[in-house]
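*Asks:* So I've got this file, structure-v8.csv, and it contains CSV, C-alpha atoms and all ligand atoms:
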chain,number,residue,atom,x,y,z
Q,1,MET,CA,1.3,31.1,-6.0
Q,2,PRO,CA,-1.3,29.8,-3.4
Q,3,GLY,CA,-4.3,31.6,-4.9
Q,4,LEU,CA,-7.5,33.0,-3.4
Q,5,LEU,CA,-9.2,29.7,-2.6
Q,6,LEU,CA,-6.2,28.1,-0.9
Q,7,ASP,CA,-5.5,31.3,1.1
Q,8,THR,CA,-9.2,31.4,2.2
Q,9,LEU,CA,-9.2,27.7,3.3
Q,10,ASN,CA,-6.0,28.5,5.3
Q,11,GLY,CA,-7.9,31.1,7.2
Q,12,LYS,CA,-7.0,34.3,5.4
Q,13,ARG,CA,-9.7,36.8,4.6
Q,14,ALA,CA,-9.1,38.5,1.2
Q,15,THR,CA,-11.0,41.3,-0.4
Q,16,GLN,CA,-12.6,38.8,-2.9
Q,17,VAL,CA,-14.6,35.7,-2.0
Q,18,PRO,CA,-13.4,32.7,-4.0
Q,19,LEU,CA,-15.9,30.6,-5.8
Q,20,TRP,CA,-16.4,27.1,-7.1
Q,21,LEU,CA,-19.4,24.8,-7.4
Q,22,MET,CA,-19.8,21.2,-6.3
Q,23,ARG,CA,-20.3,19.0,-9.5
Q,24,GLN,CA,-19.1,21.9,-11.6
Q,25,ALA,CA,-17.6,19.3,-14.0
Q,26,GLY,CA,-20.7,17.6,-15.2
Q,27,ARG,CA,-23.9,17.4,-17.2
Q,28,TYR,CA,-25.1,21.0,-17.2
Q,29,LEU,CA,-22.2,21.8,-19.5
Q,30,PRO,CA,-22.8,21.2,-23.2
Q,31,GLU,CA,-19.0,20.5,-23.7
Q,32,TYR,CA,-19.3,17.7,-21.0
Q,33,ARG,CA,-22.4,16.2,-22.7
Q,34,ASP,CA,-20.5,16.2,-26.1
Q,35,LEU,CA,-17.5,14.4,-24.7
Q,36,ARG,CA,-19.6,11.9,-22.9
Q,37,ALA,CA,-21.5,11.1,-26.1
Q,38,ARG,CA,-18.1,10.4,-27.8
Q,39,LYS,CA,-16.4,8.6,-24.9
Q,40,GLY,CA,-19.2,6.4,-23.5
Q,41,GLY,CA,-20.1,6.0,-19.9
Q,42,PHE,CA,-19.3,7.9,-16.7
Q,43,LEU,CA,-17.0,5.3,-15.2
Q,44,ALA,CA,-14.9,4.8,-18.4
Q,45,MET,CA,-14.3,8.6,-18.4
Q,46,ALA,CA,-13.4,8.7,-14.7
Q,47,TYR,CA,-10.7,6.1,-15.4
Q,48,ASP,CA,-9.5,7.8,-18.6
Q,49,SER,CA,-7.0,10.4,-17.3
Q,50,GLU,CA,-7.0,12.4,-20.5
Q,51,ALA,CA,-10.8,12.6,-20.6
Q,52,ALA,CA,-11.1,13.2,-16.9
Q,53,CYS,CA,-8.5,16.0,-17.0
Q,54,GLU,CA,-10.3,17.6,-19.9
Q,55,ILE,CA,-13.6,17.4,-18.0
Q,56,THR,CA,-12.1,18.8,-14.8
Q,57,MET,CA,-10.7,21.8,-16.9
Q,58,GLN,CA,-14.0,22.5,-18.7
Q,59,PRO,CA,-15.6,24.7,-16.0
Q,60,ILE,CA,-12.3,26.4,-15.4
Q,61,ASP,CA,-11.9,27.3,-19.0
Q,62,ARG,CA,-15.5,28.5,-19.3
Q,63,PHE,CA,-16.0,30.3,-16.0
Q,64,GLY,CA,-12.6,30.9,-14.4
Q,65,PHE,CA,-13.6,29.3,-11.1
Q,66,ASP,CA,-11.1,29.6,-8.3
Q,67,GLY,CA,-10.9,25.8,-7.7
Q,68,ALA,CA,-10.9,22.7,-10.0
Q,69,ILE,CA,-12.5,19.6,-8.5
Q,70,LEU,CA,-11.2,16.3,-9.8
Q,71,PHE,CA,-13.7,14.6,-12.1
Q,72,SER,CA,-14.3,11.3,-10.4
Q,73,ASP,CA,-16.7,9.7,-8.0
Q,74,ILE,CA,-17.0,8.7,-4.3
Q,75,LEU,CA,-17.6,5.0,-5.4
Q,76,ILE,CA,-14.0,4.6,-6.7
Q,77,VAL,CA,-13.1,3.5,-3.1
Q,78,PRO,CA,-15.6,0.6,-3.0
Q,79,HIS,CA,-14.4,-0.4,-6.5
Q,80,ALA,CA,-10.8,-0.5,-5.2
Q,81,LEU,CA,-11.9,-2.4,-2.1
Q,82,GLY,CA,-13.1,-5.2,-4.5
Q,83,GLN,CA,-16.8,-4.6,-5.2
Q,84,LYS,CA,-17.9,-4.7,-8.8
Q,85,LEU,CA,-19.1,-1.2,-9.8
Q,86,GLU,CA,-21.5,-0.5,-12.7
Q,87,PHE,CA,-23.5,2.6,-13.7
Q,88,LEU,CA,-26.6,1.3,-15.3
Q,89,ALA,CA,-28.6,3.8,-17.4
Q,90,GLY,CA,-31.6,5.2,-15.5
Q,91,GLU,CA,-30.8,3.1,-12.4
Q,92,GLY,CA,-27.8,4.7,-10.8
Q,93,PRO,CA,-24.8,2.9,-9.5
Q,94,LYS,CA,-24.7,-0.8,-8.5
Q,95,LEU,CA,-22.1,-2.3,-6.3
Q,96,SER,CA,-21.8,-6.1,-6.0
Q,97,PRO,CA,-21.9,-8.1,-3.9
Q,98,PRO,CA,-23.7,-5.9,-1.4
Q,99,LEU,CA,-22.2,-6.2,2.1
Q,100,VAL,CA,-25.5,-6.4,3.9
Q,101,ASP,CA,-25.0,-10.2,4.4
Q,102,ARG,CA,-21.4,-10.6,3.5
Q,103,SER,CA,-18.0,-9.9,4.9
Q,104,LEU,CA,-15.3,-7.7,3.4
Q,105,ASP,CA,-13.0,-10.7,3.5
Q,106,GLU,CA,-14.7,-12.1,0.4
Q,107,LEU,CA,-13.5,-9.1,-1.6
Q,108,THR,CA,-10.1,-8.7,-3.2
Q,109,ARG,CA,-8.6,-5.2,-2.9
Q,110,ASP,CA,-7.2,-3.6,-6.0
Q,111,PRO,CA,-5.4,-0.4,-5.2
Q,112,SER,CA,-4.3,-0.1,-8.9
Q,113,ARG,CA,-7.7,1.4,-9.5
Q,114,TYR,CA,-6.4,4.6,-8.0
Q,115,LEU,CA,-3.5,5.0,-10.5
Q,116,PRO,CA,-5.5,6.7,-13.3
Q,117,ILE,CA,-7.1,9.0,-10.8
Q,118,TYR,CA,-3.7,10.1,-9.5
Q,119,GLU,CA,-2.6,10.6,-13.1
Q,120,THR,CA,-5.7,12.9,-13.7
Q,121,VAL,CA,-4.7,15.0,-10.7
Q,122,ARG,CA,-1.1,15.3,-12.1
Q,123,ARG,CA,-2.2,16.3,-15.5
Q,124,CYS,CA,-4.7,18.9,-14.2
Q,125,ARG,CA,-2.0,20.4,-12.0
Q,126,GLN,CA,0.1,21.0,-15.0
Q,127,ARG,CA,-2.7,22.6,-17.0
Q,128,LEU,CA,-4.3,24.7,-14.3
Q,129,PRO,CA,-3.8,28.5,-14.5
Q,130,GLU,CA,-1.7,30.0,-11.7
Q,131,GLY,CA,-3.7,30.7,-8.6
Q,132,VAL,CA,-6.5,28.1,-9.4
Q,133,THR,CA,-6.5,25.5,-6.6
Q,134,MET,CA,-6.6,21.7,-7.4
Q,135,LEU,CA,-9.2,20.0,-5.2
Q,136,GLY,CA,-9.1,16.3,-4.5
Q,137,PHE,CA,-11.9,14.5,-2.7
Q,138,ALA,CA,-13.3,11.3,-1.3
Q,139,GLY,CA,-16.6,10.2,0.1
Q,140,SER,CA,-16.7,10.0,3.9
Q,141,PRO,CA,-16.9,6.5,5.5
Q,142,TRP,CA,-20.5,6.6,6.5
Q,143,THR,CA,-21.8,7.7,3.1
Q,144,VAL,CA,-19.5,5.2,1.2
Q,145,ALA,CA,-20.6,2.4,3.6
Q,146,THR,CA,-24.3,3.1,2.9
Q,147,TYR,CA,-23.7,2.2,-0.8
Q,148,MET,CA,-21.3,-0.7,0.0
Q,149,ILE,CA,-23.9,-2.3,2.3
Q,150,ALA,CA,-27.0,-1.8,0.2
Q,151,GLY,CA,-25.2,-2.3,-3.2
Q,152,GLU,CA,-27.1,0.7,-4.5
Q,153,GLY,CA,-28.6,4.1,-3.5
Q,154,SER,CA,-31.6,4.1,-1.2
Q,155,HIS,CA,-34.0,6.7,0.0
Q,156,ASP,CA,-33.2,6.5,3.7
Q,157,GLN,CA,-30.0,4.5,3.9
Q,158,HIS,CA,-32.1,1.8,5.6
Q,159,ASP,CA,-29.7,-1.2,5.3
Q,160,ALA,CA,-26.7,0.7,6.8
Q,161,ARG,CA,-28.8,2.4,9.6
Q,162,ALA,CA,-30.3,-0.9,10.5
Q,163,LEU,CA,-26.9,-2.7,10.6
Q,164,ALA,CA,-25.6,0.1,12.9
Q,165,TYR,CA,-28.2,-1.0,15.5
Q,166,ARG,CA,-28.3,-4.7,14.8
Q,167,ASP,CA,-24.6,-5.4,14.5
Q,168,PRO,CA,-22.5,-2.3,15.2
Q,169,GLU,CA,-19.3,-4.4,15.3
Q,170,ALA,CA,-19.9,-5.5,11.7
Q,171,LEU,CA,-20.4,-1.9,10.6
Q,172,GLN,CA,-17.3,-0.9,12.5
Q,173,VAL,CA,-15.2,-3.3,10.4
Q,174,ILE,CA,-16.5,-1.8,7.2
Q,175,ILE,CA,-16.1,1.8,8.4
Q,176,ASP,CA,-12.5,1.0,9.6
Q,177,ALA,CA,-11.6,-0.5,6.2
Q,178,ILE,CA,-13.0,2.6,4.4
Q,179,VAL,CA,-11.1,4.9,6.8
Q,180,ASP,CA,-7.8,3.2,6.1
Q,181,GLU,CA,-8.5,3.1,2.3
Q,182,THR,CA,-9.5,6.8,2.3
Q,183,ILE,CA,-6.3,7.8,4.0
Q,184,VAL,CA,-4.3,5.9,1.3
Q,185,TYR,CA,-6.4,7.4,-1.5
Q,186,LEU,CA,-6.4,11.0,-0.4
Q,187,SER,CA,-2.6,10.8,0.4
Q,188,GLY,CA,-2.1,9.6,-3.2
Q,189,GLN,CA,-4.2,12.5,-4.6
Q,190,ILE,CA,-2.2,15.0,-2.5
Q,191,GLU,CA,1.1,13.5,-3.6
Q,192,ALA,CA,-0.1,13.7,-7.2
Q,193,GLY,CA,-0.8,17.4,-6.7
Q,194,ALA,CA,-4.1,18.0,-4.9
Q,195,GLU,CA,-3.7,21.2,-2.9
Q,196,ALA,CA,-6.8,20.8,-0.7
Q,197,VAL,CA,-9.2,17.9,-0.3
Q,198,GLN,CA,-12.9,17.6,0.6
Q,199,LEU,CA,-14.6,14.8,2.4
Q,200,PHE,CA,-18.2,14.4,1.2
Q,201,ASP,CA,-20.6,13.0,3.7
Q,202,SER,CA,-23.8,13.2,1.6
Q,203,TRP,CA,-25.8,11.1,4.0
Q,204,ALA,CA,-24.5,12.4,7.4
Q,205,GLY,CA,-28.0,13.8,7.9
Q,206,SER,CA,-29.7,10.3,8.2
Q,207,LEU,CA,-28.1,9.5,11.6
Q,208,ALA,CA,-29.4,10.0,15.2
Q,209,PRO,CA,-27.1,12.0,17.4
Q,210,ASP,CA,-25.1,9.3,19.2
Q,211,GLU,CA,-24.8,7.4,15.9
Q,212,PHE,CA,-23.6,10.6,14.2
Q,213,GLU,CA,-20.8,10.8,16.8
Q,214,ARG,CA,-19.7,7.2,16.1
Q,215,TRP,CA,-20.2,6.9,12.3
Q,216,VAL,CA,-19.5,10.5,11.1
Q,217,ILE,CA,-17.4,12.4,13.6
Q,218,ALA,CA,-15.0,9.6,14.8
Q,219,PRO,CA,-14.1,8.2,11.3
Q,220,ASN,CA,-13.7,11.6,9.7
Q,221,ALA,CA,-11.5,12.7,12.7
Q,222,ARG,CA,-9.2,9.7,12.1
Q,223,ILE,CA,-8.9,10.5,8.4
Q,224,VAL,CA,-8.1,14.2,9.1
Q,225,ALA,CA,-5.6,13.3,11.8
Q,226,ALA,CA,-3.7,10.9,9.5
Q,227,LEU,CA,-3.7,13.3,6.6
Q,228,THR,CA,-2.7,16.3,8.7
Q,229,GLU,CA,0.2,14.4,10.1
Q,230,LYS,CA,1.5,13.5,6.7
Q,231,HIS,CA,0.5,16.7,4.9
Q,232,PRO,CA,0.1,19.5,7.4
Q,233,GLU,CA,0.0,22.1,4.6
Q,234,VAL,CA,-3.1,20.6,2.9
Q,235,PRO,CA,-6.5,21.9,4.2
Q,236,VAL,CA,-9.3,19.3,4.6
Q,237,ILE,CA,-12.8,20.6,4.0
Q,238,GLY,CA,-15.5,18.5,5.7
Q,239,PHE,CA,-19.0,18.5,4.2
Q,240,PRO,CA,-21.5,16.5,6.4
Q,241,LYS,CA,-24.6,17.3,4.5
Q,242,GLY,CA,-27.8,17.5,6.4
Q,243,SER,CA,-26.1,17.4,9.8
Q,244,GLY,CA,-28.1,20.5,11.0
Q,245,GLU,CA,-27.5,21.3,14.7
Q,246,LYS,CA,-24.7,18.7,14.8
Q,247,LEU,CA,-22.5,20.7,12.4
Q,248,PRO,CA,-20.8,22.7,15.1
Q,249,ALA,CA,-19.7,19.6,17.0
Q,250,TYR,CA,-18.5,18.1,13.7
Q,251,ALA,CA,-16.5,21.4,13.1
Q,252,ARG,CA,-14.9,21.3,16.5
Q,253,GLU,CA,-14.2,17.6,16.9
Q,254,THR,CA,-13.0,16.3,13.5
Q,255,GLY,CA,-10.1,18.6,13.0
Q,256,VAL,CA,-11.2,19.8,9.5
Q,257,LYS,CA,-9.9,23.2,8.5
Q,258,ALA,CA,-13.2,24.3,6.8
Q,259,VAL,CA,-16.8,23.1,6.7
Q,260,GLY,CA,-19.3,22.9,4.0
Q,261,ILE,CA,-22.8,24.2,4.7
Q,262,ASP,CA,-25.9,22.8,3.0
Q,263,GLU,CA,-28.8,24.9,1.8
Q,264,THR,CA,-31.1,24.0,4.7
Q,265,LEU,CA,-29.1,26.0,7.3
Q,266,ASP,CA,-29.7,29.6,8.0
Q,267,PRO,CA,-26.3,31.2,7.4
Q,268,VAL,CA,-26.6,33.9,10.1
Q,269,CYS,CA,-27.6,31.3,12.7
Q,270,ILE,CA,-24.9,28.8,11.8
Q,271,ALA,CA,-22.2,31.4,11.6
Q,272,ARG,CA,-22.8,32.2,15.3
Q,273,GLU,CA,-22.4,28.5,16.3
Q,274,LEU,CA,-19.2,27.7,14.4
Q,275,PRO,CA,-15.7,28.3,15.8
Q,276,GLU,CA,-14.6,31.9,15.2
Q,277,ASN,CA,-12.6,32.4,12.0
Q,278,MET,CA,-13.2,28.8,10.8
Q,279,PRO,CA,-13.6,29.0,7.0
Q,280,VAL,CA,-17.0,28.1,5.6
Q,281,GLN,CA,-18.1,27.0,2.2
Q,282,GLY,CA,-21.5,26.6,0.5
Q,283,ASN,CA,-25.1,27.3,1.4
Q,284,LEU,CA,-26.7,28.5,-1.9
Q,285,ASP,CA,-29.6,26.2,-2.8
Q,286,PRO,CA,-28.8,24.5,-6.2
Q,287,LEU,CA,-32.5,24.7,-7.1
Q,288,LEU,CA,-32.5,28.5,-6.7
Q,289,LEU,CA,-29.6,28.5,-9.2
Q,290,LEU,CA,-31.6,26.3,-11.4
Q,291,ALA,CA,-34.7,28.5,-11.2
Q,292,GLY,CA,-32.7,31.7,-11.6
Q,293,SER,CA,-35.5,34.1,-10.3
Q,294,ASP,CA,-34.6,37.6,-9.0
Q,295,HIS,CA,-34.3,36.0,-5.7
Q,296,LEU,CA,-30.9,34.5,-6.8
Q,297,GLU,CA,-29.0,37.8,-6.5
Q,298,LYS,CA,-30.7,38.6,-3.2
Q,299,ARG,CA,-29.9,35.3,-1.7
Q,300,VAL,CA,-26.2,35.5,-2.8
Q,301,LYS,CA,-26.0,38.8,-1.0
Q,302,ILE,CA,-27.5,37.4,2.2
Q,303,ILE,CA,-25.0,34.6,2.2
Q,304,LEU,CA,-22.0,36.9,1.5
Q,305,GLU,CA,-23.1,39.2,4.3
Q,306,ALA,CA,-23.7,36.4,6.8
Q,307,PHE,CA,-20.2,35.1,6.3
Q,308,ALA,CA,-18.5,38.5,5.8
Q,309,ASP,CA,-16.5,38.4,9.1
Q,310,ARG,CA,-14.8,35.0,8.5
Q,311,PRO,CA,-13.0,33.3,5.6
Q,312,HIS,CA,-15.7,32.3,3.1
Q,313,VAL,CA,-15.7,30.2,-0.1
Q,314,PHE,CA,-18.8,30.7,-2.2
Q,315,ASN,CA,-20.4,27.4,-3.2
Q,316,LEU,CA,-23.8,25.6,-3.4
Q,317,GLY,CA,-25.4,23.6,-0.6
Q,318,HIS,CA,-25.1,20.5,-2.8
Q,319,GLY,CA,-24.1,19.6,-6.4
Q,320,ILE,CA,-25.3,21.8,-9.3
Q,321,ASP,CA,-28.4,20.3,-10.9
Q,322,ARG,CA,-27.8,19.1,-14.4
Q,323,ARG,CA,-30.7,21.1,-15.8
Q,324,THR,CA,-29.1,24.4,-14.7
Q,325,PRO,CA,-28.9,27.0,-17.5
Q,326,ILE,CA,-25.4,28.3,-18.1
Q,327,GLU,CA,-26.7,31.9,-17.9
Q,328,HIS,CA,-27.7,31.4,-14.3
Q,329,VAL,CA,-24.2,30.3,-13.5
Q,330,GLU,CA,-22.9,33.4,-15.2
Q,331,ARG,CA,-25.2,35.6,-13.1
Q,332,LEU,CA,-24.1,33.9,-9.9
Q,333,ILE,CA,-20.4,34.5,-10.8
Q,334,ALA,CA,-21.1,38.2,-11.6
Q,335,ALA,CA,-23.0,38.6,-8.3
Q,336,VAL,CA,-20.2,37.0,-6.2
Q,337,ARG,CA,-17.4,38.8,-8.0
Q,338,GLY,CA,-19.2,42.1,-8.0
Q,339,TRP,CA,-19.9,42.1,-4.2
Q,340,ARG,CA,-17.9,44.5,-2.0
Q,341,GLY,CA,-18.2,43.6,1.6
Q,401,LIG,O1,-18.1,18.2,-6.9
Q,401,LIG,C1,-17.9,17.1,-7.3
Q,401,LIG,O2,-17.8,16.8,-8.5
Q,401,LIG,C2,-17.7,16.1,-6.2
Q,401,LIG,C3,-17.6,14.7,-6.5
Q,401,LIG,C4,-18.8,13.9,-6.5
Q,401,LIG,C5,-19.4,13.3,-7.6
Q,401,LIG,N1,-20.4,12.5,-7.2
Q,401,LIG,C6,-19.0,13.6,-9.0
Q,401,LIG,C7,-19.8,13.1,-10.1
Q,401,LIG,C8,-19.5,13.4,-5.3
Q,401,LIG,C9,-19.3,13.8,-3.9
Q,401,LIG,C10,-20.5,12.6,-5.8
Q,401,LIG,C11,-21.4,11.9,-4.9
Q,401,LIG,C12,-22.1,10.7,-5.3
Q,401,LIG,N2,-21.9,10.1,-6.5
Q,401,LIG,C13,-23.1,10.1,-4.6
Q,401,LIG,C14,-23.6,10.4,-3.2
Q,401,LIG,C15,-24.8,11.3,-3.2
Q,401,LIG,C16,-24.6,12.7,-3.6
Q,401,LIG,O3,-25.3,13.1,-4.6
Q,401,LIG,O4,-23.8,13.4,-3.0
Q,401,LIG,C17,-23.6,9.0,-5.4
Q,401,LIG,C18,-24.7,8.1,-5.1
Q,401,LIG,C19,-22.8,9.0,-6.6
Q,401,LIG,C20,-22.9,8.0,-7.7
Q,401,LIG,C21,-23.1,8.7,-9.0
Q,401,LIG,N3,-22.1,9.3,-9.7
Q,401,LIG,C22,-24.3,8.9,-9.7
Q,401,LIG,C23,-25.7,8.3,-9.3
Q,401,LIG,C24,-24.0,9.6,-10.9
Q,401,LIG,C25,-24.9,9.9,-12.0
Q,401,LIG,C26,-25.1,8.8,-13.1
Q,401,LIG,C27,-24.3,9.0,-14.3
Q,401,LIG,O5,-24.3,8.0,-15.1
Q,401,LIG,O6,-23.9,10.1,-14.7
Q,401,LIG,C28,-22.7,9.9,-10.8
Q,401,LIG,C29,-21.9,10.6,-11.8
Q,401,LIG,C30,-21.1,11.8,-11.3
Q,401,LIG,N4,-20.4,11.9,-10.2
Q,401,LIG,C31,-20.8,12.9,-12.1
Q,401,LIG,C32,-20.0,13.7,-11.3
Q,401,LIG,C33,-19.4,15.0,-11.7
Q,401,LIG,C34,-21.2,13.0,-13.5
Q,401,LIG,C35,-21.8,14.3,-14.0
Q,401,LIG,C36,-23.2,14.6,-13.6
Q,401,LIG,O7,-24.0,13.8,-13.3
Q,401,LIG,O8,-23.5,15.9,-13.7
Produce structure tokens that represent the structure in this file.

*Replies:*
Amino acid sequence: MPGLLLDTLNGKRATQVPLWLMRQAGRYLPEYRDLRARKGGFLAMAYDSEAACEITMQPIDRFGFDGAILFSDILIVPHALGQKLEFLAGEGPKLSPPLVDRSLDELTRDPSRYLPIYETVRRCRQRLPEGVTMLGFAGSPWTVATYMIAGEGSHDQHDARALAYRDPEALQVIIDAIVDETIVYLSGQIEAGAEAVQLFDSWAGSLAPDEFERWVIAPNARIVAALTEKHPEVPVIGFPKGSGEKLPAYARETGVKAVGIDETLDPVCIARELPENMPVQGNLDPLLLLAGSDHLEKRVKIILEAFADRPHVFNLGHGIDRRTPIEHVERLIAAVRGWRG
């Protein structure tokens, strides 16, 4: 049974709009916070297939979303490429050594890091109700590179952007390694049971236009081409957050089946610019869901109407905020499921 979400990603328009939320398995859920208190840190849970599968299933059991996104993180790839990965309380992730002044050759690759992640996918596939789609994911090369180079998050991705101008060949080596690694990792997720995969390019918006072409469009296109050749039946969703007026070029040139749309874009305007019938996903501001004013239902309707003549997956413009009240999520689900286009 393919299910509503998979059908929509494959370009079919159904009477209902499927729904899932980025970061739906996470800290806004009391059952997640309970498990985390018992199990310890984020990374330990991501590598514990039993816990990770349980966390992946929590929002499905509670809300009946149409898709289950693997509980994991985009920084698993740098970990497998040989950087040390730590999540320090209050400081965010740290990768060491940072690649800003070092070569990848100093790192020792360890693809066995992926095995528990594949096991999580396998377990989830067995547990998921019929018709609920299992979603795998990875970070896109540019976004992953920004962390590998700086060794941590930064406001403006300064180190990676400066490297792109100072020594593009050095950045190309890092990007190429991440491309190859991501093809291996996503193929593994698909072979373990992921039915669609999403490429998260959280920092695509920090690049100038010609840089966007080289570091966002080209690497994503290579990943999509390799995956599509091996697994033509598995749709790839591309989410180049913050790409603005460059999103249509991304949609046409990367080969992705569907595109994610962040909250800054006007849904009516962007719908006019994207290829006809290309499935779209996203656009609701996570902070509107957090605030939960009357405006929530109005905005949901505006988005549903703007995308009514193409396949549409309802989602947020970015991950759900961890302070979001459960009742607001319930209101959102009622508004989407109650809509008749
Ligand atoms: O929808 C999804 O769940 C997609 C998967 C995804 C996660 N993180 C899951 C996750 C993606 C695409 C990310 C992106 C990510 N992760 C970035 C890029 C910027 C962005 O926000 O898109 C960065 C820097 C990270 C690293 C990271 N992972 C941080 C800083 C944290 C929070 C610290 C902590 O100790 O919890 C995480 C944890 C994380 N990643 C969770 C999830 C579901 C845990 C739950 C939560 O925070 O609600």

*Asks:* Kindly indicate which residue among Q:Ile302, Q:Val256, Q:Ala192, Q:Leu316 lies nearest to Q:Asn10, using all atoms listed in the file for the distances.

*Replies:*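 Ranked by minimum distance to Q:Asn10, first place goes to Q:Val256.
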
*Asks:* Using only C-alpha atoms and all ligand atoms, find each residue of chain Q with at least one atom at most 8 Å away from an atom of ligand LIG 401 (chain Q); report its shortest atom-to-atom pair and that distance in Å (one decimal), sort the rows by chain and rising residue number, and return the result as JSON lines.

*Replies:*
{"residue": "Q:Leu21", "atom": "CA", "partner": "Q:LIG401", "partner_atom": "O1", "distance": 6.7}
{"residue": "Q:Met22", "atom": "CA", "partner": "Q:LIG401", "partner_atom": "O1", "distance": 3.5}
{"residue": "Q:Arg23", "atom": "CA", "partner": "Q:LIG401", "partner_atom": "O2", "distance": 3.5}
{"residue": "Q:Gln24", "atom": "CA", "partner": "Q:LIG401", "partner_atom": "O1", "distance": 6.1}
{"residue": "Q:Ala25", "atom": "CA", "partner": "Q:LIG401", "partner_atom": "C33", "distance": 5.2}
{"residue": "Q:Gly26", "atom": "CA", "partner": "Q:LIG401", "partner_atom": "O8", "distance": 3.6}
{"residue": "Q:Arg27", "atom": "CA", "partner": "Q:LIG401", "partner_atom": "O8", "distance": 3.8}
{"residue": "Q:Tyr28", "atom": "CA", "partner": "Q:LIG401", "partner_atom": "O8", "distance": 6.4}
{"residue": "Q:Gly41", "atom": "CA", "partner": "Q:LIG401", "partner_atom": "O5", "distance": 6.7}
{"residue": "Q:Phe42", "atom": "CA", "partner": "Q:LIG401", "partner_atom": "O5", "distance": 5.3}
{"residue": "Q:Leu43", "atom": "CA", "partner": "Q:LIG401", "partner_atom": "O5", "distance": 7.8}
{"residue": "Q:Ile69", "atom": "CA", "partner": "Q:LIG401", "partner_atom": "O1", "distance": 6.0}
{"residue": "Q:Leu70", "atom": "CA", "partner": "Q:LIG401", "partner_atom": "O2", "distance": 6.7}
{"residue": "Q:Phe71", "atom": "CA", "partner": "Q:LIG401", "partner_atom": "C33", "distance": 5.7}
{"residue": "Q:Ser72", "atom": "CA", "partner": "Q:LIG401", "partner_atom": "C6", "distance": 5.4}
{"residue": "Q:Asp73", "atom": "CA", "partner": "Q:LIG401", "partner_atom": "C5", "distance": 4.5}
{"residue": "Q:Ile74", "atom": "CA", "partner": "Q:LIG401", "partner_atom": "C8", "distance": 5.4}
{"residue": "Q:Leu75", "atom": "CA", "partner": "Q:LIG401", "partner_atom": "C20", "distance": 6.5}
{"residue": "Q:Phe87", "atom": "CA", "partner": "Q:LIG401", "partner_atom": "O5", "distance": 5.6}
{"residue": "Q:Leu88", "atom": "CA", "partner": "Q:LIG401", "partner_atom": "O5", "distance": 7.1}
{"residue": "Q:Ala89", "atom": "CA", "partner": "Q:LIG401", "partner_atom": "O5", "distance": 6.4}
{"residue": "Q:Gly90", "atom": "CA", "partner": "Q:LIG401", "partner_atom": "C26", "distance": 7.8}
{"residue": "Q:Glu91", "atom": "CA", "partner": "Q:LIG401", "partner_atom": "C23", "distance": 7.9}
{"residue": "Q:Gly92", "atom": "CA", "partner": "Q:LIG401", "partner_atom": "C23", "distance": 4.4}
{"residue": "Q:Pro93", "atom": "CA", "partner": "Q:LIG401", "partner_atom": "C23", "distance": 5.5}
{"residue": "Q:Phe137", "atom": "CA", "partner": "Q:LIG401", "partner_atom": "C3", "distance": 6.9}
{"residue": "Q:Ala138", "atom": "CA", "partner": "Q:LIG401", "partner_atom": "C9", "distance": 7.0}
{"residue": "Q:Gly139", "atom": "CA", "partner": "Q:LIG401", "partner_atom": "C9", "distance": 6.0}
{"residue": "Q:Thr143", "atom": "CA", "partner": "Q:LIG401", "partner_atom": "C14", "distance": 7.1}
{"residue": "Q:Val144", "atom": "CA", "partner": "Q:LIG401", "partner_atom": "C14", "distance": 8.0}
{"residue": "Q:Tyr147", "atom": "CA", "partner": "Q:LIG401", "partner_atom": "C18", "distance": 7.4}
{"residue": "Q:Glu152", "atom": "CA", "partner": "Q:LIG401", "partner_atom": "C18", "distance": 7.8}
{"residue": "Q:Gly153", "atom": "CA", "partner": "Q:LIG401", "partner_atom": "C18", "distance": 5.8}
{"residue": "Q:Leu199", "atom": "CA", "partner": "Q:LIG401", "partner_atom": "C9", "distance": 7.9}
{"residue": "Q:Phe200", "atom": "CA", "partner": "Q:LIG401", "partner_atom": "C9", "distance": 5.3}
{"residue": "Q:Asp201", "atom": "CA", "partner": "Q:LIG401", "partner_atom": "O4", "distance": 7.4}
{"residue": "Q:Ser202", "atom": "CA", "partner": "Q:LIG401", "partner_atom": "O4", "distance": 4.6}
{"residue": "Q:Trp203", "atom": "CA", "partner": "Q:LIG401", "partner_atom": "C15", "distance": 7.3}
{"residue": "Q:His318", "atom": "CA", "partner": "Q:LIG401", "partner_atom": "O4", "distance": 7.2}
{"residue": "Q:Gly319", "atom": "CA", "partner": "Q:LIG401", "partner_atom": "O1", "distance": 6.2}
{"residue": "Q:Ile320", "atom": "CA", "partner": "Q:LIG401", "partner_atom": "O8", "distance": 7.6}
{"residue": "Q:Asp321", "atom": "CA", "partner": "Q:LIG401", "partner_atom": "O8", "distance": 7.2}
{"residue": "Q:Arg322", "atom": "CA", "partner": "Q:LIG401", "partner_atom": "O8", "distance": 5.4}

*Asks:* May I have the residues within 9 Å of Q:Arg252 as a PyMOL selection string, using only C-alpha atoms and disregarding those fewer than 4 positions away in the same chain?

*Replies:* chain Q and resi 247-248+256+274-275

*Asks:* Between Q:Arg122, Q:Lys94, Q:Lys301, Q:Arg33, which one has atoms that come closest to Q:Ala335, using all atoms listed in the file?

*Replies:*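 Comparing Q:Arg122, Q:Lys94, Q:Lys301, Q:Arg33 against Q:Ala335, the winner is Q:Lys301.
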
*Asks:* Which residues, protein or nucleic acid, reach to within 10 Å of (-9.7, 22.0, 11.8) in the file's coordinates when using only C-alpha atoms, and can you give that as a PyMOL selection string?

*Replies:* chain Q and resi 10+221+224-225+228+235-238+250-259+275+278-279
